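Scroll down for the structure; my scribbles are underneath it.
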Amino acid sequence: MIQLVSKVSLSNKDAVPPLPLVTLEDHFLAPSFEDNPEIARLYNFFPSRTKYSLRDLSDARLANMDEGGVAVQVVSHGPGAGNADQCRAANDHLAAAIAKHPERLRGFATLSMGDADAAAKEFARCVRELGFVGALIENNTGGRHYGHEQFWPVFAMAQELDVPIYIHPAFPEGDFAEHLKGEYADVI
């Protein structure tokens, strides 16, 4: 049973119907990413229970949603960008889960931003063929932020598709990570 969250009313006459709770910060970990050493390094910070729940797109997730009063989750792949094949497999994996529970789950595409033209094509496929409602990308790729022209095809595609891109905070990479590290030891 879904619990509706809001019963705001100025008066009985102006009663607003309860609003369903839709959440966006709901991640999963696709099997296609589990052999990626960079991704494994990120997920080793999580306790086993959390890692297990990130792999779960089944009825257990829905039960947790019900318990929290969540009507719909917009699910996206967790932190860590993979290559184009890993992203495509992750998107297909998410689409299969959404197909089982279309009234409860929606999807944000995961994109390999290293090749923006290929990422734009995958973005279009995810929205047009898989029914996704946008994309989630990290705030940098290889230490480069998205003001560079090389990334513009993805943003042009979002505009064409009329869907959002959620730019998610991520660990800094490349020269920027070294700059932020300063002279601190690796353990900090």
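Naming works like this for the structure tokens: A, B, ... for the chains as they're shown, residue 1 at the start of each chain, ligands 1 onward in shown order.
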
Legend entry - Distance query A:Phe132 at most 7 Å, only C-alpha atoms, self and fewer than 6 positions along chain excluded, as a list in words: Arg106, Gly107, Phe108, Ala109 and Cys126 of chain A

Just write the chosen residues, C-alpha atoms, as a PDB file, in the first residue's frame.
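This went into result39.pdb:
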```pdb
ATOM      1  CA  ARG A 106      11.195   5.194 -14.136  1.00  0.00           C
ATOM      2  CA  GLY A 107      14.721   5.432 -15.469  1.00  0.00           C
ATOM      3  CA  PHE A 108      17.536   7.888 -16.035  1.00  0.00           C
ATOM      4  CA  ALA A 109      20.054   6.698 -18.630  1.00  0.00           C
ATOM      5  CA  CYS A 126      17.094   5.136 -23.908  1.00  0.00           C
TER       6      CYS A 126
END
```

Closest contacts (stretch 70-144 of chain A/stretch 24-28 of chain A, max 9 Å, only C-alpha atoms) as CSV:
```
residue,atom,partner,partner_atom,distance
A:Val72,CA,A:Leu24,CA,8.9
A:Gln73,CA,A:Leu24,CA,6.2
A:Val74,CA,A:Leu24,CA,4.9
A:Val75,CA,A:Asp26,CA,5.1
A:Ser76,CA,A:His27,CA,4.9
A:His77,CA,A:Phe28,CA,5.0
A:Gly78,CA,A:His27,CA,4.8
A:Pro79,CA,A:His27,CA,8.2
A:Leu94,CA,A:Phe28,CA,8.5
```

Suppose we keep C-alpha atoms; can you now write the selection as a CSV table (one decimal), in the first residue's frame?
```
chain,number,residue,atom,x,y,z
A,72,VAL,CA,7.6,6.3,-7.8
A,73,GLN,CA,11.4,6.0,-8.0
A,74,VAL,CA,13.4,7.5,-10.9
A,75,VAL,CA,16.2,5.0,-10.8
A,76,SER,CA,19.7,5.7,-12.1
A,77,HIS,CA,23.0,3.8,-12.1
A,78,GLY,CA,25.1,4.6,-9.1
A,79,PRO,CA,28.4,6.6,-9.1
A,94,LEU,CA,17.2,-1.1,-15.8
```

Inset, instruction - Skip A:Val127 itself and residues of its chain fewer than 2 positions away, then list as a PyMOL selection string all residues within 12 Å of it, counting only C-alpha atoms. - result: chain A and resi 91-92+95+106-110+120-125+129-135+157-158+160-165

Inset, instruction - Rank nothing, just name the residue among A:Ala89, A:Leu57, A:Arg128, A:Asn140 nearest to A:His101, using only C-alpha atoms. - result: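 Going through A:Ala89, A:Leu57, A:Arg128, A:Asn140 one by one, the smallest distance to A:His101 is for A:Leu57.
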
Inset, instruction - Find the distance between atom CA of A:Ala90 and atom CA of A:Asp175 and write it in Å to one decimal. - result: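 These atoms are spaced 28.5 Å apart.
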
Inset, instruction - Quick one: pull the distance between atom CA of A:Pro153 and atom CA of A:Phe171, Å, one decimal. - result: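 These atoms are spaced 23.5 Å apart.
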
Inset, instruction - Run DSSP on the backbone and give me the residues of stretch 65-171 of chain A it puts in strand (DSSP E), as a ChimeraX atom specification. - result: /A:70-77,105-110,134-138,165-168

Selection to disk with N, CA and C atoms, as an mmCIF file, in the first residue's frame:
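File produced: again-v4.cif:
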```
data_model
loop_
_atom_site.group_PDB
_atom_site.id
_atom_site.type_symbol
_atom_site.label_atom_id
_atom_site.label_comp_id
_atom_site.auth_asym_id
_atom_site.auth_seq_id
_atom_site.Cartn_x
_atom_site.Cartn_y
_atom_site.Cartn_z
ATOM 1 N N VAL A 70 7.016 6.026 -0.781
ATOM 2 C CA VAL A 70 7.465 6.453 -2.109
ATOM 3 C C VAL A 70 6.562 5.836 -3.171
ATOM 4 N N ALA A 71 5.943 6.679 -3.974
ATOM 5 C CA ALA A 71 5.060 6.199 -5.036
ATOM 6 C C ALA A 71 5.852 5.766 -6.267
ATOM 7 N N VAL A 72 6.855 6.574 -6.633
ATOM 8 C CA VAL A 72 7.638 6.318 -7.848
ATOM 9 C C VAL A 72 9.101 6.647 -7.568
ATOM 10 N N GLN A 73 9.992 5.770 -8.025
ATOM 11 C CA GLN A 73 11.431 6.049 -8.008
ATOM 12 C C GLN A 73 11.898 6.276 -9.439
ATOM 13 N N VAL A 74 12.666 7.336 -9.635
ATOM 14 C CA VAL A 74 13.391 7.512 -10.886
ATOM 15 C C VAL A 74 14.780 6.941 -10.609
ATOM 16 N N VAL A 75 15.025 5.754 -11.136
ATOM 17 C CA VAL A 75 16.232 4.986 -10.812
ATOM 18 C C VAL A 75 17.336 5.317 -11.811
ATOM 19 N N SER A 76 18.545 5.437 -11.289
ATOM 20 C CA SER A 76 19.710 5.690 -12.136
ATOM 21 C C SER A 76 20.864 4.837 -11.636
ATOM 22 N N HIS A 77 21.825 4.620 -12.521
ATOM 23 C CA HIS A 77 22.990 3.849 -12.112
ATOM 24 C C HIS A 77 23.789 4.656 -11.103
ATOM 25 N N LEU A 105 8.426 2.436 -11.245
ATOM 26 C CA LEU A 105 9.819 2.757 -11.569
ATOM 27 C C LEU A 105 9.913 3.518 -12.886
ATOM 28 N N ARG A 106 10.813 4.487 -12.920
ATOM 29 C CA ARG A 106 11.195 5.194 -14.136
ATOM 30 C C ARG A 106 12.718 5.143 -14.195
ATOM 31 N N GLY A 107 13.276 5.533 -15.338
ATOM 32 C CA GLY A 107 14.721 5.432 -15.469
ATOM 33 C C GLY A 107 15.399 6.676 -16.002
ATOM 34 N N PHE A 108 16.593 6.935 -15.470
ATOM 35 C CA PHE A 108 17.536 7.888 -16.035
ATOM 36 C C PHE A 108 18.645 7.064 -16.680
ATOM 37 N N ALA A 109 18.990 7.397 -17.915
ATOM 38 C CA ALA A 109 20.054 6.698 -18.630
ATOM 39 C C ALA A 109 21.402 6.975 -17.985
ATOM 40 N N THR A 110 22.284 5.977 -18.049
ATOM 41 C CA THR A 110 23.686 6.199 -17.706
ATOM 42 C C THR A 110 24.454 6.277 -19.022
ATOM 43 N N GLY A 134 15.082 10.749 -18.783
ATOM 44 C CA GLY A 134 16.221 11.649 -18.715
ATOM 45 C C GLY A 134 17.505 10.865 -18.576
ATOM 46 N N ALA A 135 18.549 11.547 -18.135
ATOM 47 C CA ALA A 135 19.851 10.899 -17.924
ATOM 48 C C ALA A 135 20.477 11.449 -16.653
ATOM 49 N N LEU A 136 21.347 10.648 -16.061
ATOM 50 C CA LEU A 136 22.162 11.087 -14.935
ATOM 51 C C LEU A 136 23.615 10.914 -15.347
ATOM 52 N N ILE A 137 24.376 12.003 -15.256
ATOM 53 C CA ILE A 137 25.803 11.956 -15.563
ATOM 54 C C ILE A 137 26.562 12.562 -14.388
ATOM 55 N N GLU A 138 27.813 12.160 -14.257
ATOM 56 C CA GLU A 138 28.652 12.746 -13.214
ATOM 57 C C GLU A 138 29.055 14.154 -13.630
ATOM 58 N N ILE A 165 18.735 16.402 -17.794
ATOM 59 C CA ILE A 165 19.975 15.726 -17.420
ATOM 60 C C ILE A 165 20.254 16.104 -15.970
ATOM 61 N N TYR A 166 20.390 15.098 -15.143
ATOM 62 C CA TYR A 166 20.729 15.291 -13.733
ATOM 63 C C TYR A 166 22.249 15.203 -13.654
ATOM 64 N N ILE A 167 22.902 16.301 -13.273
ATOM 65 C CA ILE A 167 24.355 16.308 -13.131
ATOM 66 C C ILE A 167 24.669 16.020 -11.663
ATOM 67 N N HIS A 168 25.202 14.833 -11.433
ATOM 68 C CA HIS A 168 25.410 14.308 -10.083
ATOM 69 C C HIS A 168 26.831 14.602 -9.607
#
```

Inset, instruction - May I ask which of the residues A:Gly69, A:Pro37, A:Pro169, A:Pro31 is the closest one to A:Leu54, counting only C-alpha atoms? - result: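 Checking each of A:Gly69, A:Pro37, A:Pro169, A:Pro31 against A:Leu54, counting only C-alpha atoms, the winner is A:Pro31.
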
Inset, instruction - Rounded to one decimal place, report the atom CA of A:Arg144-atom CA of A:Arg55 distance in Å. - result: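 A separation of 29.1 Å between them.
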
Legend entry - Spatial neighbours of A:Asp56, 10 Å, only C-alpha atoms, chain gap at least 6 places, as a ChimeraX atom specification: /A:27-30,50,62,97
